[in-house]
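So this one's query-v8.txt, compact mmCIF, C-alpha atoms and all ligand atoms:
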# COMPACT_ATOMS: atom_id res chain seq x y z
CA MET R 372 20.66 27.28 -18.40
CA TYR R 373 18.54 29.18 -20.94
CA ASP R 374 19.40 29.38 -24.64
CA ILE R 375 18.65 33.10 -24.59
CA VAL R 376 18.14 35.64 -21.83
CA ILE R 377 16.59 38.98 -22.71
CA VAL R 378 16.97 42.05 -20.52
CA GLY R 379 14.00 44.39 -20.94
CA GLY R 380 10.36 43.49 -21.50
CA GLY R 381 9.32 46.25 -23.92
CA PRO R 382 8.39 45.72 -27.59
CA ALA R 383 11.98 44.83 -28.60
CA GLY R 384 12.52 42.25 -25.85
CA LEU R 385 9.08 40.65 -26.17
CA SER R 386 9.27 40.50 -29.97
CA ALA R 387 12.61 38.71 -29.59
CA ALA R 388 11.10 36.32 -27.02
CA ILE R 389 8.17 35.41 -29.30
CA THR R 390 10.46 34.54 -32.24
CA ALA R 391 12.84 32.69 -29.91
CA ARG R 392 9.96 30.40 -28.94
CA MET R 393 8.94 30.01 -32.61
CA ARG R 394 12.50 28.72 -33.14
CA GLY R 395 12.19 26.30 -30.21
CA LYS R 396 14.66 28.08 -27.93
CA THR R 397 14.35 28.37 -24.16
CA VAL R 398 14.10 32.02 -23.25
CA ALA R 399 13.73 34.20 -20.16
CA VAL R 400 12.86 37.90 -20.20
CA ILE R 401 13.92 39.84 -17.11
CA SER R 402 12.35 43.27 -16.81
CA ASN R 403 11.36 46.04 -14.44
CA ASN R 404 7.66 46.37 -13.76
CA ARG R 405 6.14 47.29 -17.14
CA THR R 406 3.76 49.80 -15.56
CA GLU R 407 6.84 51.98 -14.95
CA SER R 408 7.90 51.99 -18.60
CA GLY R 409 7.46 54.90 -21.01
CA LEU R 410 5.43 52.73 -23.39
CA TYR R 411 2.90 51.87 -20.65
CA LYS R 412 2.26 55.57 -20.06
CA ALA R 413 1.69 56.40 -23.74
CA VAL R 414 -2.01 57.30 -24.12
CA GLU R 415 -2.11 56.35 -27.79
CA ILE R 416 0.32 54.70 -30.18
CA GLY R 417 -0.78 56.25 -33.43
CA ASN R 418 1.48 54.62 -35.99
CA TYR R 419 1.96 50.95 -35.14
CA PRO R 420 0.73 49.11 -38.24
CA GLY R 421 -2.53 47.23 -37.86
CA LEU R 422 -3.38 48.49 -34.39
CA PRO R 423 -4.46 52.11 -34.89
CA GLY R 424 -5.06 54.07 -31.69
CA ILE R 425 -3.99 51.29 -29.31
CA SER R 426 -2.83 52.58 -25.92
CA GLY R 427 0.70 51.86 -24.69
CA ALA R 428 -0.69 49.92 -21.72
CA GLU R 429 -2.82 47.67 -23.95
CA LEU R 430 0.00 47.05 -26.42
CA SER R 431 2.32 46.23 -23.54
CA SER R 432 -0.23 43.73 -22.06
CA LYS R 433 -0.83 42.11 -25.44
CA LEU R 434 2.90 41.68 -26.08
CA SER R 435 3.45 40.17 -22.59
CA MET R 436 0.53 37.79 -22.97
CA HIS R 437 1.72 36.74 -26.42
CA ALA R 438 5.27 36.02 -25.22
CA ALA R 439 4.09 34.21 -22.06
CA GLY R 440 1.55 32.23 -24.10
CA MET R 441 4.37 31.04 -26.38
CA GLY R 442 6.27 29.74 -23.36
CA ALA R 443 8.74 32.55 -22.69
CA GLU R 444 9.49 32.92 -19.00
CA LEU R 445 8.76 36.48 -17.88
CA ILE R 446 10.67 37.40 -14.73
CA GLY R 447 10.17 40.64 -12.79
CA GLY R 448 13.41 42.26 -11.63
CA ARG R 449 16.07 44.83 -12.33
CA VAL R 450 19.26 43.46 -13.85
CA THR R 451 22.27 44.93 -12.12
CA SER R 452 25.15 42.90 -13.50
CA ILE R 453 26.03 40.78 -16.51
CA LEU R 454 29.13 38.64 -16.64
CA PRO R 455 30.15 36.60 -19.69
CA VAL R 456 32.50 33.78 -18.67
CA GLY R 457 33.63 31.47 -21.46
CA LYS R 458 30.51 30.36 -23.32
CA GLU R 459 28.15 31.18 -20.45
CA ILE R 460 26.57 34.49 -19.53
CA THR R 461 25.56 35.10 -15.91
CA VAL R 462 22.87 37.69 -15.30
CA GLY R 463 22.28 39.10 -11.81
CA TYR R 464 18.92 40.58 -10.79
CA GLY R 465 17.97 41.38 -7.19
CA SER R 466 19.63 38.65 -5.15
CA GLU R 467 19.10 36.08 -7.94
CA ILE R 468 21.20 34.98 -10.89
CA LEU R 469 20.52 32.99 -14.00
CA THR R 470 22.73 31.72 -16.79
CA ALA R 471 22.26 31.63 -20.54
CA LYS R 472 24.19 30.84 -23.70
CA SER R 473 23.33 34.17 -25.33
CA LEU R 474 21.95 37.56 -24.34
CA ILE R 475 19.78 40.25 -25.91
CA LEU R 476 19.84 43.72 -24.38
CA ALA R 477 16.50 45.46 -24.98
CA ILE R 478 16.63 47.98 -22.16
CA GLY R 479 15.06 50.98 -23.87
CA ILE R 480 16.44 54.50 -23.72
CA VAL R 481 18.92 54.82 -20.93
CA GLN R 482 18.35 58.32 -19.65
CA ALA R 483 20.66 57.97 -16.69
CA SER R 484 23.85 59.95 -17.01
CA VAL R 485 26.66 58.49 -14.97
CA PHE R 486 27.63 60.49 -11.86
CA PRO R 487 31.21 61.76 -11.50
CA GLY R 488 33.28 58.98 -9.90
CA GLU R 489 30.59 56.33 -10.46
CA ALA R 490 32.13 54.33 -13.31
CA GLU R 491 35.69 54.15 -11.94
CA LEU R 492 34.51 53.17 -8.43
CA LEU R 493 32.07 50.46 -9.52
CA GLY R 494 32.90 47.45 -7.32
CA ARG R 495 35.07 49.66 -5.07
CA GLY R 496 32.21 51.05 -3.02
CA VAL R 497 29.77 51.85 -5.83
CA SER R 498 27.02 49.25 -6.25
CA TYR R 499 23.69 49.01 -8.07
CA CYS R 500 22.20 46.33 -5.80
CA ALA R 501 21.96 46.39 -1.99
CA THR R 502 20.65 42.85 -1.65
CA CYS R 503 23.60 41.57 -3.74
CA ASP R 504 26.49 43.58 -2.28
CA GLY R 505 25.10 44.93 1.03
CA MET R 506 26.75 42.26 3.20
CA LEU R 507 30.18 43.56 2.15
CA TYR R 508 29.36 46.76 4.05
CA LYS R 509 27.54 45.24 7.05
CA GLY R 510 27.54 47.72 9.95
CA LYS R 511 29.17 50.48 7.85
CA LYS R 512 28.05 53.97 6.80
CA VAL R 513 26.39 53.79 3.40
CA VAL R 514 24.45 56.13 1.13
CA VAL R 515 21.43 55.09 -0.93
CA VAL R 516 20.71 57.22 -4.00
CA ALA R 517 17.00 56.48 -4.32
CA LEU R 518 15.92 57.02 -7.95
CA SER R 519 13.80 53.88 -8.45
CA PRO R 520 10.70 52.45 -6.73
CA GLU R 521 12.52 49.57 -5.02
CA ALA R 522 15.05 51.90 -3.35
CA GLU R 523 13.07 52.06 -0.09
CA GLU R 524 13.06 48.27 0.23
CA GLU R 525 16.79 48.12 -0.53
CA ALA R 526 17.50 50.81 2.11
CA GLU R 527 15.44 48.81 4.65
CA PHE R 528 17.55 45.74 3.87
CA LEU R 529 20.76 47.69 4.52
CA THR R 530 19.37 48.98 7.84
CA SER R 531 18.39 45.41 8.79
CA ILE R 532 22.04 44.28 8.45
CA GLY R 533 23.23 47.11 10.69
CA CYS R 534 24.32 49.68 8.09
CA GLU R 535 24.02 53.34 8.98
CA VAL R 536 21.99 54.44 5.96
CA THR R 537 21.58 57.94 4.55
CA THR R 538 19.03 58.10 1.72
CA VAL R 539 19.20 60.91 -0.85
CA LYS R 540 16.86 61.48 -3.79
CA THR R 541 18.84 64.01 -5.81
CA LYS R 542 20.58 63.55 -9.17
CA LYS R 543 23.29 66.06 -8.18
CA ILE R 544 25.71 63.43 -6.96
CA ALA R 545 29.47 63.00 -7.01
CA VAL R 546 31.27 59.98 -5.58
CA ASN R 547 34.59 60.75 -3.85
CA SER R 548 37.47 58.39 -3.25
CA GLU R 549 40.88 58.04 -1.66
CA GLY R 550 43.80 55.72 -2.37
CA ALA R 551 46.42 54.99 -5.00
CA GLU R 552 45.43 54.47 -8.64
CA GLY R 553 43.81 51.04 -9.01
CA MET R 554 43.22 50.80 -5.22
CA LYS R 555 40.77 53.68 -4.82
CA LYS R 556 37.85 53.28 -2.42
CA VAL R 557 34.74 55.37 -1.80
CA VAL R 558 35.10 57.73 1.17
CA SER R 559 32.12 60.04 0.70
CA VAL R 560 29.28 61.15 -1.52
CA THR R 561 28.52 64.77 -2.33
CA ALA R 562 24.75 65.19 -2.64
CA ASP R 563 23.39 68.64 -3.54
CA GLY R 564 26.72 70.12 -2.43
CA THR R 565 26.79 68.39 1.00
CA ASP R 566 29.51 65.82 1.76
CA ILE R 567 28.27 62.59 3.38
CA PRO R 568 31.09 60.30 4.61
CA CYS R 569 30.47 56.64 3.70
CA GLU R 570 32.16 53.43 2.60
CA ALA R 571 29.63 52.53 -0.04
CA VAL R 572 27.01 54.13 -2.23
CA PHE R 573 24.09 52.17 -3.66
CA ILE R 574 22.83 53.92 -6.79
CA LEU R 575 19.32 52.64 -7.45
CA ARG R 576 17.96 53.77 -10.79
CA GLU R 577 15.36 52.24 -13.08
CA THR R 578 18.01 51.84 -15.75
CA ILE R 579 21.74 51.33 -15.67
CA ALA R 580 24.03 52.62 -18.41
CA PRO R 581 24.79 49.68 -20.74
CA GLY R 582 28.56 50.02 -20.30
CA SER R 583 28.18 49.70 -16.49
CA LEU R 584 25.81 46.75 -16.81
CA LEU R 585 28.18 44.85 -19.05
CA PRO R 586 31.81 46.03 -18.89
CA GLY R 587 33.53 46.00 -22.28
CA LEU R 588 30.31 46.63 -24.22
CA GLU R 589 30.90 49.23 -26.93
CA THR R 590 28.59 52.23 -26.82
CA GLU R 591 28.38 55.46 -28.78
CA LYS R 592 26.69 58.57 -27.36
CA GLY R 593 24.94 56.37 -24.78
CA HIS R 594 23.59 53.86 -27.30
CA ILE R 595 24.76 50.28 -27.71
CA LYS R 596 26.77 49.86 -30.92
CA THR R 597 25.53 47.07 -33.18
CA ASP R 598 25.88 45.95 -36.77
CA ARG R 599 22.83 45.34 -39.01
CA ALA R 600 22.42 41.86 -37.53
CA MET R 601 22.11 43.54 -34.09
CA ARG R 602 25.41 41.95 -32.95
CA THR R 603 27.39 43.94 -30.38
CA ASN R 604 31.18 43.81 -30.06
CA LEU R 605 30.85 40.93 -27.53
CA PRO R 606 30.30 37.34 -28.74
CA GLY R 607 26.81 36.03 -27.98
CA VAL R 608 25.55 39.49 -26.98
CA PHE R 609 22.94 41.26 -29.13
CA ALA R 610 20.92 44.45 -28.67
CA ALA R 611 17.61 45.79 -29.98
CA GLY R 612 15.18 48.69 -29.70
CA ASP R 613 15.59 52.18 -28.31
CA CYS R 614 18.88 51.23 -26.61
CA THR R 615 20.57 50.99 -30.04
CA GLY R 616 19.53 54.51 -31.07
CA ALA R 617 16.87 56.58 -32.84
CA PRO R 618 14.21 56.46 -34.19
CA TYR R 619 12.60 55.63 -30.84
CA GLN R 620 9.57 53.84 -32.23
CA VAL R 621 7.71 50.62 -31.49
CA ALA R 622 7.91 49.31 -35.08
CA LYS R 623 11.68 49.71 -35.16
CA ALA R 624 12.02 48.08 -31.71
CA VAL R 625 9.90 45.08 -32.73
CA GLY R 626 11.86 44.62 -35.98
CA GLU R 627 15.23 44.86 -34.30
CA GLY R 628 14.10 42.39 -31.60
CA GLN R 629 13.36 39.87 -34.32
CA VAL R 630 16.67 40.44 -36.14
CA ALA R 631 18.57 40.16 -32.84
CA VAL R 632 17.00 36.86 -31.91
CA LEU R 633 17.59 35.37 -35.36
CA SER R 634 21.26 36.31 -34.98
CA ALA R 635 21.25 34.73 -31.52
CA VAL R 636 19.77 31.54 -33.03
CA ASP R 637 22.63 31.49 -35.61
CA TYR R 638 25.15 32.05 -32.84
CA LEU R 639 23.69 29.12 -30.84
CA ALA R 640 23.93 26.86 -33.91
CA HIS R 641 27.63 27.71 -34.33
CA LEU R 642 28.20 27.21 -30.61
CA GLU R 643 26.65 23.75 -30.78
CA LYS R 644 28.77 22.76 -33.81
CA SER R 645 31.96 23.90 -32.08
CA GLN R 646 31.33 21.68 -29.04
C1 LIG R 701 4.70 59.02 -23.99
C2 LIG R 701 5.24 58.18 -25.12
C3 LIG R 701 4.57 58.08 -26.33
C4 LIG R 701 5.06 57.29 -27.36
N1 LIG R 701 4.36 57.20 -28.53
C5 LIG R 701 4.81 56.43 -29.53
C6 LIG R 701 4.07 56.28 -30.75
O1 LIG R 701 3.00 56.85 -30.94
N2 LIG R 701 4.59 55.45 -31.71
C7 LIG R 701 5.75 54.76 -31.55
O2 LIG R 701 6.14 54.01 -32.42
N3 LIG R 701 6.48 54.90 -30.40
C8 LIG R 701 6.05 55.71 -29.39
N4 LIG R 701 6.78 55.85 -28.24
C9 LIG R 701 8.12 55.19 -28.17
C10 LIG R 701 8.01 53.70 -27.84
O3 LIG R 701 7.32 53.55 -26.61
C11 LIG R 701 9.43 53.11 -27.77
O4 LIG R 701 10.12 53.35 -28.95
C12 LIG R 701 9.38 51.61 -27.50
O5 LIG R 701 8.68 51.31 -26.33
C13 LIG R 701 10.81 51.04 -27.44
O6 LIG R 701 10.77 49.69 -27.10
P1 LIG R 701 12.01 49.00 -26.37
O7 LIG R 701 11.60 47.59 -26.15
O8 LIG R 701 13.25 49.30 -27.10
O9 LIG R 701 12.15 49.78 -24.98
P2 LIG R 701 11.13 50.00 -23.79
O10 LIG R 701 9.72 49.97 -24.25
O11 LIG R 701 11.61 51.22 -23.10
O12 LIG R 701 11.34 48.73 -22.86
C14 LIG R 701 12.53 48.54 -22.15
C15 LIG R 701 12.17 47.88 -20.82
O13 LIG R 701 13.38 47.44 -20.21
C16 LIG R 701 13.34 47.74 -18.83
N5 LIG R 701 14.71 47.81 -18.31
C17 LIG R 701 15.66 48.76 -18.57
N6 LIG R 701 16.79 48.49 -17.89
C18 LIG R 701 16.54 47.34 -17.19
C19 LIG R 701 17.31 46.57 -16.29
N7 LIG R 701 18.56 46.90 -15.98
N8 LIG R 701 16.74 45.47 -15.75
C20 LIG R 701 15.46 45.11 -16.06
N9 LIG R 701 14.67 45.82 -16.90
C21 LIG R 701 15.22 46.91 -17.46
C22 LIG R 701 12.63 49.09 -18.79
O14 LIG R 701 12.14 49.38 -17.49
C23 LIG R 701 11.53 48.86 -19.82
O15 LIG R 701 10.40 48.26 -19.24
C24 LIG R 701 6.29 56.61 -27.20
C25 LIG R 701 6.98 56.69 -25.99
C26 LIG R 701 6.48 57.47 -24.96
C27 LIG R 701 7.24 57.54 -23.67
Encoded form using structure tokens:
Amino acid sequence: MYDIVIVGGGPAGLSAAITARMRGKTVAVISNNRTESGLYKAVEIGNYPGLPGISGAELSSKLSMHAAGMGAELIGGRVTSILPVGKEITVGYGSEILTAKSLILAIGIVQASVFPGEAELLGRGVSYCATCDGMLYKGKKVVVVALSPEAEEEAEFLTSIGCEVTTVKTKKIAVNSEGAEGMKKVVSVTADGTDIPCEAVFILRETIAPGSLLPGLETEKGHIKTDRAMRTNLPGVFAAGDCTGAPYQVAKAVGEGQVAVLSAVDYLAHLEKSQ
């Protein structure tokens, strides 16, 4: 079990990882491929102090090398679920899980708006991970909403277990259900105005809205709510960077990453004393 797990390997997450190692904590950073991130595509970061004119790609490589060199474990993958149970937090990515005592969300701007029906049917036919939940729908009709690079691979996995897969690439999606309140199940997906009957829909985006990733997490206008110590409303869960709100800037992300990890270190000290 790690002391700290960080979701998101941008400036906020990697800054947190570097300070975590300075404080002697075990830390894993799970992140999508950094070449897909907005920072990586920035031709020039003009205002990061001390590094005038550095490209986003170079800054991103330097931060990764720094964190890895300090002993942070950098893991490639998309986190699809987070479950705090007691004093442990379980993080699911692909078909893997890991556990930690504390968590920092540094997932950047979440541009994804939630589709109608998506939030209330999560776990009732809506899933963000085919390799995790696909077996529940073995041999059934399923829809893959392919909005991330790994969607093709996930659709192939579903076909390999006998699912009848329809892949759509549109963002004009609604998820339809039948059944009594609390027992509703997915019966179809409307994609670009066409109804596709199915028992499950796998929505594969680069990013997942924070409230769907971690149920119970307080958000405001799509951003994760924190106090000045970057604490969220959930014990042991902190957030940093663009995901907490504007200004969307590297310097702010790096600073918040450091504040978040120092708060996580305090939290771990209290946890240890209470045991
Ligand atoms: C074109 C462009 C130019 C910019 N120019 C400047 C500039 O000149 N100066 C400046 O200060 N800022 C600039 N920015 C903004 C800057 O890039 C961001 O403010 C900064 O990168 C935020 O860092 P972050 O760590 O919060 O998020 P990000 O850098 O977005 O990193 C978050 C990472 O988390 C990953 N992630 C998200 N969800 C998951 C998940 N569920 N599982 C796994 N990984 C996940 C994302 O894929 C991403 O790699 C620019 C941005 C762009 C796009």
Inset, instruction - Please write out the residues within 7 Å of ligand LIG 701 (chain R) as a PyMOL selection string, counting all atoms listed in the file. - result: chain R and resi 378-384+401-405+407-410+412-419+448-451+477-480+577-579+611-614+619-622+624
Inset, instruction - Return the single residue from R:Ala600, R:Ala631, R:Leu642, R:Leu474 that is closest to Thr390 of chain R, with distances computed using all atoms listed in the file. - result: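 Closest to Thr390 of chain R of all the choices is R:Ala631.
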Inset, instruction - Find, counting all atoms listed in the file, the residue in R:Ser559, R:Gln646, R:Thr530, R:Ser473 that gets nearest to Ala571 of chain R. - result: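 Looking at the shortest contact to Ala571 of chain R, the residue is R:Ser559.
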Legend entry - Closest of R:Ala439, R:Val558, R:Ala522, R:Val515 to Arg495 of chain R - atom-to-atom distances counting only C-alpha atoms: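 Answer, going by the shortest atom-to-atom distance: R:Val558.
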Inset, instruction - Using all atoms listed in the file, find all polymer residues with an atom at most 12 Å away from the point (23.0, 42.1, -30.4); report them as a PyMOL selection string. - result: chain R and resi 375-378+383-384+387+473-478+588-589+595-612+614-615+627-638
Inset, instruction - Could you check how far atom CA of Thr537 of chain R sits from atom CA of Ala490 of chain R, in Å to one decimal? - result: 21.1 Å
